[in-house]
$ cat upload-v7.txt   # compact mmCIF, C-alpha atoms and all ligand atoms
# COMPACT_ATOMS: atom_id res chain seq x y z
CA MET T 1182 -23.46 -2.78 -52.54
CA GLU T 1183 -24.22 -6.39 -53.46
CA GLU T 1184 -21.66 -9.18 -53.40
CA ARG T 1185 -21.58 -12.93 -52.70
CA GLY T 1186 -24.99 -13.10 -51.06
CA ILE T 1187 -24.49 -9.97 -49.02
CA SER T 1188 -26.53 -6.86 -49.67
CA ALA T 1189 -25.75 -3.68 -47.77
CA GLU T 1190 -27.27 -0.25 -47.38
CA ILE T 1191 -25.15 2.75 -46.47
CA SER T 1192 -26.45 4.77 -43.50
CA PRO T 1193 -25.44 8.25 -42.28
CA LEU T 1194 -21.82 8.90 -41.35
CA ILE T 1195 -20.81 7.86 -37.84
CA ALA T 1196 -17.53 9.79 -37.98
CA PRO T 1197 -15.77 12.13 -40.40
CA GLY T 1198 -14.72 9.93 -43.29
CA GLY T 1199 -16.67 7.00 -41.87
CA LEU T 1200 -19.47 4.89 -43.27
CA GLN T 1201 -22.06 2.78 -41.57
CA PHE T 1202 -23.58 -0.21 -43.34
CA THR T 1203 -26.55 -2.33 -42.60
CA ALA T 1204 -25.80 -5.69 -44.20
CA HIS T 1205 -28.14 -8.59 -44.87
CA GLY T 1206 -27.28 -12.18 -45.73
CA GLY T 1207 -23.92 -13.88 -45.97
CA ASP T 1208 -21.80 -15.05 -43.09
CA ARG T 1209 -19.56 -13.03 -40.84
CA THR T 1210 -16.28 -14.22 -42.37
CA THR T 1211 -17.41 -13.33 -45.89
CA LEU T 1212 -18.64 -9.95 -44.69
CA PHE T 1213 -15.27 -9.18 -43.09
CA GLU T 1214 -13.43 -10.29 -46.19
CA VAL T 1215 -15.57 -8.26 -48.60
CA LEU T 1216 -15.45 -5.09 -46.46
CA ASP T 1217 -11.72 -5.45 -45.79
CA ARG T 1218 -10.91 -5.88 -49.47
CA THR T 1219 -13.24 -3.11 -50.64
CA PHE T 1220 -12.20 -0.44 -48.14
CA GLN T 1221 -8.65 -1.37 -47.14
CA PRO T 1222 -7.09 0.13 -45.16
CA ALA T 1223 -10.06 0.82 -42.98
CA ASP T 1224 -11.09 0.55 -39.36
CA LEU T 1225 -14.00 -1.79 -38.98
CA LEU T 1226 -16.49 -3.03 -36.40
CA ILE T 1227 -19.12 -5.63 -37.17
CA SER T 1228 -22.02 -5.81 -34.76
CA ASP T 1229 -25.53 -7.25 -34.90
CA HIS T 1230 -26.86 -4.12 -33.20
CA GLU T 1231 -26.20 -0.37 -33.23
CA PRO T 1232 -22.97 -0.07 -31.17
CA ARG T 1233 -23.57 1.11 -27.60
CA LEU T 1234 -21.26 2.64 -25.04
CA PRO T 1235 -19.37 -0.09 -23.21
CA GLN T 1236 -19.72 -0.35 -19.42
CA LEU T 1237 -16.39 -2.16 -19.16
CA PHE T 1238 -13.16 -1.71 -21.10
CA VAL T 1239 -10.39 -4.29 -20.74
CA SER T 1240 -7.17 -3.81 -22.68
CA ASP T 1241 -3.85 -5.47 -23.33
CA MET T 1242 -0.79 -3.28 -22.71
CA ASP T 1243 2.25 -4.26 -24.84
CA SER T 1244 1.94 -3.05 -28.45
CA THR T 1245 -1.66 -1.99 -27.70
CA MET T 1246 -1.51 0.70 -25.01
CA ILE T 1247 2.27 1.20 -25.22
CA MET T 1248 4.48 1.15 -28.32
CA ALA T 1249 6.73 -1.69 -27.12
CA GLU T 1250 6.92 -5.17 -25.61
CA CYS T 1251 8.23 -4.45 -22.14
CA ILE T 1252 10.17 -7.71 -21.69
CA ASP T 1253 11.98 -7.17 -25.00
CA GLU T 1254 12.89 -3.63 -24.02
CA LEU T 1255 14.10 -4.76 -20.61
CA ALA T 1256 16.17 -7.53 -22.22
CA ASP T 1257 17.70 -5.14 -24.70
CA PHE T 1258 18.41 -2.71 -21.89
CA ALA T 1259 20.20 -5.52 -20.02
CA GLY T 1260 22.18 -6.52 -23.15
CA LEU T 1261 20.30 -9.85 -23.43
CA LYS T 1262 18.38 -9.32 -26.64
CA PRO T 1263 19.67 -12.39 -28.58
CA GLN T 1264 19.10 -14.78 -25.66
CA ILE T 1265 15.55 -13.50 -25.08
CA ALA T 1266 14.78 -13.52 -28.82
CA ALA T 1267 15.83 -17.19 -28.98
CA ILE T 1268 13.26 -18.08 -26.30
CA THR T 1269 10.58 -16.00 -28.01
CA GLU T 1270 11.35 -17.90 -31.23
CA ARG T 1271 10.98 -21.29 -29.46
CA ALA T 1272 7.63 -20.16 -28.07
CA MET T 1273 6.50 -19.12 -31.53
CA GLN T 1274 7.52 -22.54 -32.88
CA GLY T 1275 5.28 -24.13 -30.28
CA GLU T 1276 8.18 -25.64 -28.31
CA LEU T 1277 7.35 -23.58 -25.23
CA ASP T 1278 4.01 -22.51 -23.79
CA PHE T 1279 3.35 -18.93 -22.65
CA GLU T 1280 4.17 -19.58 -19.00
CA SER T 1281 7.43 -21.47 -19.65
CA ALA T 1282 8.57 -18.84 -22.14
CA LEU T 1283 7.79 -16.08 -19.66
CA ARG T 1284 9.56 -17.82 -16.78
CA GLU T 1285 12.66 -18.59 -18.88
CA ARG T 1286 12.95 -15.01 -20.06
CA VAL T 1287 12.43 -13.57 -16.58
CA LEU T 1288 15.12 -15.91 -15.24
CA LEU T 1289 17.60 -14.37 -17.69
CA LEU T 1290 16.93 -10.99 -16.10
CA ARG T 1291 18.21 -12.13 -12.69
CA GLY T 1292 20.46 -9.53 -11.07
CA LEU T 1293 19.12 -6.58 -13.04
CA SER T 1294 18.64 -3.60 -10.71
CA GLU T 1295 15.34 -1.96 -9.91
CA VAL T 1296 16.88 1.33 -11.05
CA ALA T 1297 17.39 -0.19 -14.52
CA ILE T 1298 13.65 -0.98 -14.74
CA ALA T 1299 12.80 2.61 -13.88
CA GLU T 1300 15.29 3.88 -16.43
CA CYS T 1301 13.99 1.50 -19.10
CA LEU T 1302 10.45 2.65 -18.37
CA ALA T 1303 11.41 6.31 -18.59
CA THR T 1304 13.46 6.07 -21.77
CA ARG T 1305 11.83 3.32 -23.82
CA ILE T 1306 8.16 3.04 -22.97
CA ALA T 1307 5.82 5.51 -24.64
CA PRO T 1308 2.02 5.46 -24.71
CA MET T 1309 0.30 4.49 -27.95
CA PRO T 1310 -1.11 7.62 -29.61
CA GLY T 1311 -4.73 8.15 -28.61
CA ALA T 1312 -4.50 5.81 -25.60
CA ARG T 1313 -5.22 8.39 -22.93
CA VAL T 1314 -8.05 10.02 -24.91
CA LEU T 1315 -9.66 6.60 -25.34
CA VAL T 1316 -9.42 5.68 -21.64
CA GLU T 1317 -10.46 9.08 -20.28
CA THR T 1318 -13.37 9.43 -22.71
CA LEU T 1319 -14.74 5.98 -21.85
CA LYS T 1320 -14.37 6.77 -18.14
CA SER T 1321 -16.25 10.04 -18.60
CA LYS T 1322 -19.13 7.93 -19.96
CA GLY T 1323 -19.19 5.77 -16.81
CA CYS T 1324 -17.16 2.89 -18.25
CA LYS T 1325 -14.84 0.92 -15.91
CA THR T 1326 -11.31 0.58 -17.32
CA VAL T 1327 -8.92 -2.32 -16.70
CA LEU T 1328 -5.38 -2.86 -18.01
CA VAL T 1329 -4.61 -6.58 -18.22
CA THR T 1330 -1.17 -7.70 -19.36
CA GLY T 1331 1.24 -10.60 -19.57
CA GLY T 1332 3.84 -7.88 -18.88
CA PHE T 1333 4.81 -6.67 -15.44
CA HIS T 1334 3.30 -4.53 -12.70
CA GLN T 1335 6.59 -2.62 -12.59
CA PHE T 1336 5.65 -1.26 -16.04
CA ALA T 1337 1.87 -1.59 -16.03
CA ASP T 1338 1.24 0.38 -12.80
CA PRO T 1339 2.90 3.60 -13.99
CA VAL T 1340 1.44 3.15 -17.51
CA ALA T 1341 -2.06 2.72 -16.04
CA GLU T 1342 -1.58 5.81 -13.91
CA GLN T 1343 -0.44 7.82 -16.93
CA LEU T 1344 -3.30 6.66 -19.16
CA GLY T 1345 -6.06 6.74 -16.55
CA PHE T 1346 -6.83 3.01 -16.10
CA GLU T 1347 -8.57 2.27 -12.80
CA MET T 1348 -7.33 -1.28 -12.33
CA VAL T 1349 -4.30 -3.38 -13.33
CA VAL T 1350 -3.91 -7.14 -13.66
CA ALA T 1351 -0.32 -8.15 -14.51
CA ASN T 1352 2.63 -10.34 -13.63
CA ARG T 1353 5.02 -9.18 -10.93
CA LEU T 1354 8.80 -9.41 -11.17
CA GLU T 1355 10.25 -10.54 -7.85
CA ILE T 1356 12.71 -8.07 -6.35
CA ASN T 1357 15.07 -8.65 -3.48
CA GLY T 1358 17.64 -6.16 -2.24
CA GLY T 1359 16.93 -3.84 -5.17
CA GLN T 1360 17.58 -6.55 -7.78
CA LEU T 1361 15.45 -8.91 -9.86
CA THR T 1362 15.66 -12.46 -8.48
CA GLY T 1363 14.76 -14.00 -11.86
CA GLY T 1364 11.42 -15.14 -10.47
CA LEU T 1365 7.83 -13.95 -10.47
CA VAL T 1366 5.54 -13.32 -7.52
CA GLY T 1367 2.09 -14.92 -7.54
CA GLY T 1368 0.10 -16.45 -10.39
CA ILE T 1369 0.73 -15.90 -14.08
CA THR T 1370 -1.46 -13.59 -16.13
CA ASP T 1371 -2.00 -15.39 -19.43
CA SER T 1372 -4.73 -15.52 -22.08
CA GLY T 1373 -7.10 -17.42 -19.76
CA VAL T 1374 -6.68 -14.87 -16.99
CA LYS T 1375 -7.28 -12.00 -19.42
CA ARG T 1376 -10.60 -13.54 -20.42
CA ALA T 1377 -11.48 -14.39 -16.82
CA VAL T 1378 -10.89 -10.78 -15.72
CA LEU T 1379 -13.28 -9.57 -18.41
CA ILE T 1380 -15.96 -12.07 -17.34
CA GLU T 1381 -15.51 -11.32 -13.61
CA GLU T 1382 -15.69 -7.56 -14.02
CA ALA T 1383 -18.66 -7.81 -16.39
CA THR T 1384 -20.49 -10.03 -13.91
CA MET T 1385 -20.03 -7.40 -11.21
CA ILE T 1386 -21.65 -4.81 -13.50
CA GLY T 1387 -24.59 -7.09 -14.11
CA ALA T 1388 -26.22 -9.41 -16.63
CA GLY T 1389 -25.91 -8.26 -20.24
CA ALA T 1390 -23.11 -5.77 -19.48
CA ILE T 1391 -21.67 -4.24 -22.65
CA THR T 1392 -17.93 -4.89 -22.83
CA LEU T 1393 -15.06 -3.69 -25.00
CA ALA T 1394 -11.65 -5.36 -25.29
CA THR T 1395 -8.60 -4.28 -27.28
CA GLY T 1396 -5.46 -6.27 -27.99
CA ASP T 1397 -2.96 -7.24 -30.66
CA GLY T 1398 -1.59 -10.68 -29.88
CA ALA T 1399 -2.46 -14.37 -29.73
CA ASN T 1400 -2.91 -14.28 -25.95
CA ASP T 1401 -5.59 -11.61 -26.36
CA ILE T 1402 -7.80 -13.83 -28.53
CA PRO T 1403 -10.01 -15.40 -25.80
CA MET T 1404 -10.59 -11.95 -24.28
CA LEU T 1405 -11.39 -10.41 -27.70
CA MET T 1406 -13.84 -13.23 -28.44
CA GLU T 1407 -15.55 -12.91 -25.06
CA ALA T 1408 -16.14 -9.14 -25.28
CA THR T 1409 -19.27 -7.61 -26.82
CA TYR T 1410 -16.86 -5.61 -28.98
CA GLY T 1411 -13.44 -7.24 -29.37
CA LEU T 1412 -11.21 -4.92 -31.38
CA ALA T 1413 -7.78 -5.82 -32.71
CA TYR T 1414 -5.38 -2.88 -32.72
CA ALA T 1415 -2.58 -2.95 -35.34
CA ALA T 1416 -2.73 -6.66 -34.63
CA LYS T 1417 -1.18 -9.93 -35.70
CA ALA T 1418 -3.31 -11.79 -38.27
CA LYS T 1419 -4.72 -14.36 -35.82
CA ALA T 1420 -5.97 -11.75 -33.37
CA ARG T 1421 -7.45 -9.78 -36.23
CA GLU T 1422 -9.35 -12.83 -37.47
CA ALA T 1423 -10.79 -13.59 -34.02
CA ALA T 1424 -11.96 -10.03 -33.34
CA ASP T 1425 -15.22 -8.22 -34.15
CA GLY T 1426 -13.23 -5.60 -35.96
CA TRP T 1427 -9.99 -3.69 -36.02
CA VAL T 1428 -8.24 -0.35 -36.01
CA GLU T 1429 -5.49 -0.21 -38.62
CA ARG T 1430 -5.56 3.25 -40.07
CA GLY T 1431 -5.01 5.66 -37.25
CA ASP T 1432 -4.46 5.88 -33.53
CA LEU T 1433 -6.51 4.39 -30.69
CA THR T 1434 -9.17 7.12 -30.93
CA GLY T 1435 -10.38 5.09 -33.93
CA VAL T 1436 -12.06 2.86 -31.33
CA LEU T 1437 -14.24 5.81 -30.24
CA ASP T 1438 -15.21 6.50 -33.84
CA LEU T 1439 -16.22 2.88 -34.32
CA LEU T 1440 -18.37 2.98 -31.18
CA GLY T 1441 -20.03 6.16 -32.46
CA VAL T 1442 -18.82 8.39 -29.59
CA PRO T 1443 -19.20 11.98 -30.91
CA ARG T 1444 -15.85 13.75 -31.24
CA ASN T 1445 -17.18 16.70 -29.21
CA ASP T 1446 -17.42 14.32 -26.24
CA TRP T 1447 -13.79 13.16 -26.39
CA VAL T 1448 -11.71 14.01 -23.33
CA TRP T 1449 -8.35 15.49 -24.38
CA GLU T 1450 -6.95 16.53 -20.97
MG MG T 1501 0.19 -7.06 -26.91

$ encode --input "upload-v7.txt" --output "structure tokens" --more "lines below"
Ligand SMILES: [Mg+2]
Amino acid sequence: MEERGISAEISPLIAPGGLQFTAHGGDRTTLFEVLDRTFQPADLLISDHEPRLPQLFVSDMDSTMIMAECIDELADFAGLKPQIAAITERAMQGELDFESALRERVLLLRGLSEVAIAECLATRIAPMPGARVLVETLKSKGCKTVLVTGGFHQFADPVAEQLGFEMVVANRLEINGGQLTGGLVGGITDSGVKRAVLIEEATMIGAGAITLATGDGANDIPMLMEATYGLAYAAKAKAREAADGWVERGDLTGVLDLLGVPRNDWVWE
């Protein structure tokens, strides 16, 4: 293959149906663009070295590890979908920052019962296909796994338990007398915190730790950029552009294929 200053040699398959290229010349953006256009839809990871097993995996939850945005589901459950959507829209227009948008939406949920959260979790929150295989396989290779989310502990803790994550960083809905107060407890987990968690945990592993991050949204971008391998999963365009690659075609086990983890080693329990 030869295009726009990039020459590439095809190497042996890394996964069934997969190709590995060694490319020379050109810049990263052009390489992404050429590969994306030539092989679309394809899962892709660009790395300046043969991918290695990560020692740390940090992932977003909403629309990455679960097939929903938990605040939207909770709002819908409470019959507040239009009000919450209006705030989301203002945030997207740049009229509200992440924290203000989060606080305004949580305030609307005041009075909702704890039982409703449990019911919402049980009926509306499902794991993303391949999520548990990804987490358990990485763990079996000695990788530390962290779920980091702008969503809530009330959702993230049971999701982490179900998928096998060892640690959770999230926001916490304040509850008093079995009802949401409309407030949050403690600091806010936002894009900066997501990145900081990745750096902190990597530092504890040691210098040069190999890290993997997955996410789909704008507030995952700093974390995706910081990781050795930042992978966008079924992501919004901006997150996709900031990442080292993406999984678009299949489920989350595509991440294992991209890292070259042999399918015989995948943990399906
Ligand atoms: Mg997300």

$ residues_near_ligand --input "upload-v7.txt" --ligand "ligand MG 1501 (chain T)" --cutoff "10 Å" --atoms "all atoms listed in the file" --output "number ranges by chain"
T: 1240-1251, 1329-1332, 1395-1401, 1413-1417

$ residues_around --input "upload-v7.txt" --residues "Ile1265 of chain T" --least-positions-apart "4" --cutoff "7 Å" --atoms "all atoms listed in the file" --output "list in words"
Ala1256, Leu1261, Thr1269 and Arg1286 of chain T

$ closest_residue --input "upload-v7.txt" --among "T:Trp1449, T:Arg1284, T:Val1428, T:Leu1234" --to "Gln1221 of chain T" --atoms "all atoms listed in the file"
T:Val1428

$ closest_residue --input "upload-v7.txt" --among "T:His1334, T:Val1239, T:Ile1391, T:Thr1434" --to "Ala1377 of chain T" --atoms "only C-alpha atoms"
T:Val1239

$ residues_around --input "upload-v7.txt" --residues "Asp1224 of chain T" --least-positions-apart "4" --cutoff "9 Å" --atoms "all atoms listed in the file" --output "list in words"
Gly1199, Asp1217, Phe1220, Gly1426, Trp1427, Val1428, Glu1429, Arg1430, Gly1431, Gly1435, Val1436 and Leu1439 of chain T

$ residues_near_point --input "upload-v7.txt" --point "(-18.0, -11.5, -47.5)" --cutoff "12 Å" --atoms "all atoms listed in the file" --output "list in words"
Met1182, Glu1183, Glu1184, Arg1185, Gly1186, Ile1187, Ser1188, Ala1189, Ala1204, His1205, Gly1206, Gly1207, Asp1208, Arg1209, Thr1210, Thr1211, Leu1212, Phe1213, Glu1214, Val1215, Leu1216, Asp1217, Arg1218, Thr1219 and Ile1227 of chain T

$ atom_distance --input "upload-v7.txt" --atom1 "atom CA of Trp1447 of chain T" --atom2 "atom CA of Cys1324 of chain T"
13.5 Å

$ atom_distance --input "upload-v7.txt" --atom1 "atom CA of Met1404 of chain T" --atom2 "atom CA of Ser1372 of chain T"
7.2 Å

$ residues_around --input "upload-v7.txt" --residues "Phe1346 of chain T" --least-positions-apart "4" --cutoff "6 Å" --atoms "only C-alpha atoms" --output "list in words"
Thr1326, Val1327 and Ala1341 of chain T

$ atom_distance --input "upload-v7.txt" --atom1 "atom CA of Pro1235 of chain T" --atom2 "atom CA of Val1349 of chain T"
18.3 Å

$ closest_residue --input "upload-v7.txt" --among "T:Ile1402, T:Ala1408, T:Ile1252, T:His1230" --to "Ala1266 of chain T" --atoms "all atoms listed in the file"
T:Ile1252

$ closest_residue --input "upload-v7.txt" --among "T:Asp1438, T:Glu1407, T:Glu1450, T:Glu1295" --to "Gly1345 of chain T" --atoms "all atoms listed in the file"
T:Glu1450

$ build_atoms --input "upload-v7.txt" --residues "segment 1432-1444 of chain T" --atoms "N, CA and C atoms" --output "mmCIF file, keeping the file's coordinate frame"
data_model
loop_
_atom_site.group_PDB
_atom_site.id
_atom_site.type_symbol
_atom_site.label_atom_id
_atom_site.label_comp_id
_atom_site.auth_asym_id
_atom_site.auth_seq_id
_atom_site.Cartn_x
_atom_site.Cartn_y
_atom_site.Cartn_z
ATOM 1 N N ASP T 1432 -4.814 6.173 -34.914
ATOM 2 C CA ASP T 1432 -4.460 5.880 -33.530
ATOM 3 C C ASP T 1432 -5.646 5.246 -32.794
ATOM 4 N N LEU T 1433 -5.496 5.100 -31.486
ATOM 5 C CA LEU T 1433 -6.510 4.390 -30.690
ATOM 6 C C LEU T 1433 -7.853 5.128 -30.601
ATOM 7 N N THR T 1434 -7.883 6.417 -30.953
ATOM 8 C CA THR T 1434 -9.170 7.120 -30.930
ATOM 9 C C THR T 1434 -10.103 6.547 -32.002
ATOM 10 N N GLY T 1435 -9.554 5.782 -32.931
ATOM 11 C CA GLY T 1435 -10.380 5.090 -33.930
ATOM 12 C C GLY T 1435 -11.422 4.195 -33.271
ATOM 13 N N VAL T 1436 -11.107 3.697 -32.074
ATOM 14 C CA VAL T 1436 -12.060 2.860 -31.330
ATOM 15 C C VAL T 1436 -13.308 3.681 -30.984
ATOM 16 N N LEU T 1437 -13.098 4.937 -30.595
ATOM 17 C CA LEU T 1437 -14.240 5.810 -30.240
ATOM 18 C C LEU T 1437 -15.103 6.093 -31.459
ATOM 19 N N ASP T 1438 -14.452 6.300 -32.603
ATOM 20 C CA ASP T 1438 -15.210 6.500 -33.840
ATOM 21 C C ASP T 1438 -16.065 5.279 -34.150
ATOM 22 N N LEU T 1439 -15.478 4.101 -33.999
ATOM 23 C CA LEU T 1439 -16.220 2.880 -34.320
ATOM 24 C C LEU T 1439 -17.419 2.677 -33.386
ATOM 25 N N LEU T 1440 -17.265 3.123 -32.136
ATOM 26 C CA LEU T 1440 -18.370 2.980 -31.180
ATOM 27 C C LEU T 1440 -19.399 4.091 -31.336
ATOM 28 N N GLY T 1441 -19.085 5.068 -32.212
ATOM 29 C CA GLY T 1441 -20.030 6.160 -32.460
ATOM 30 C C GLY T 1441 -20.026 7.213 -31.364
ATOM 31 N N VAL T 1442 -18.907 7.347 -30.613
ATOM 32 C CA VAL T 1442 -18.820 8.390 -29.590
ATOM 33 C C VAL T 1442 -18.515 9.726 -30.298
ATOM 34 N N PRO T 1443 -19.413 10.723 -30.187
ATOM 35 C CA PRO T 1443 -19.200 11.980 -30.910
ATOM 36 C C PRO T 1443 -17.875 12.631 -30.528
ATOM 37 N N ARG T 1444 -17.172 13.182 -31.498
ATOM 38 C CA ARG T 1444 -15.850 13.750 -31.240
ATOM 39 C C ARG T 1444 -15.899 14.926 -30.250
#
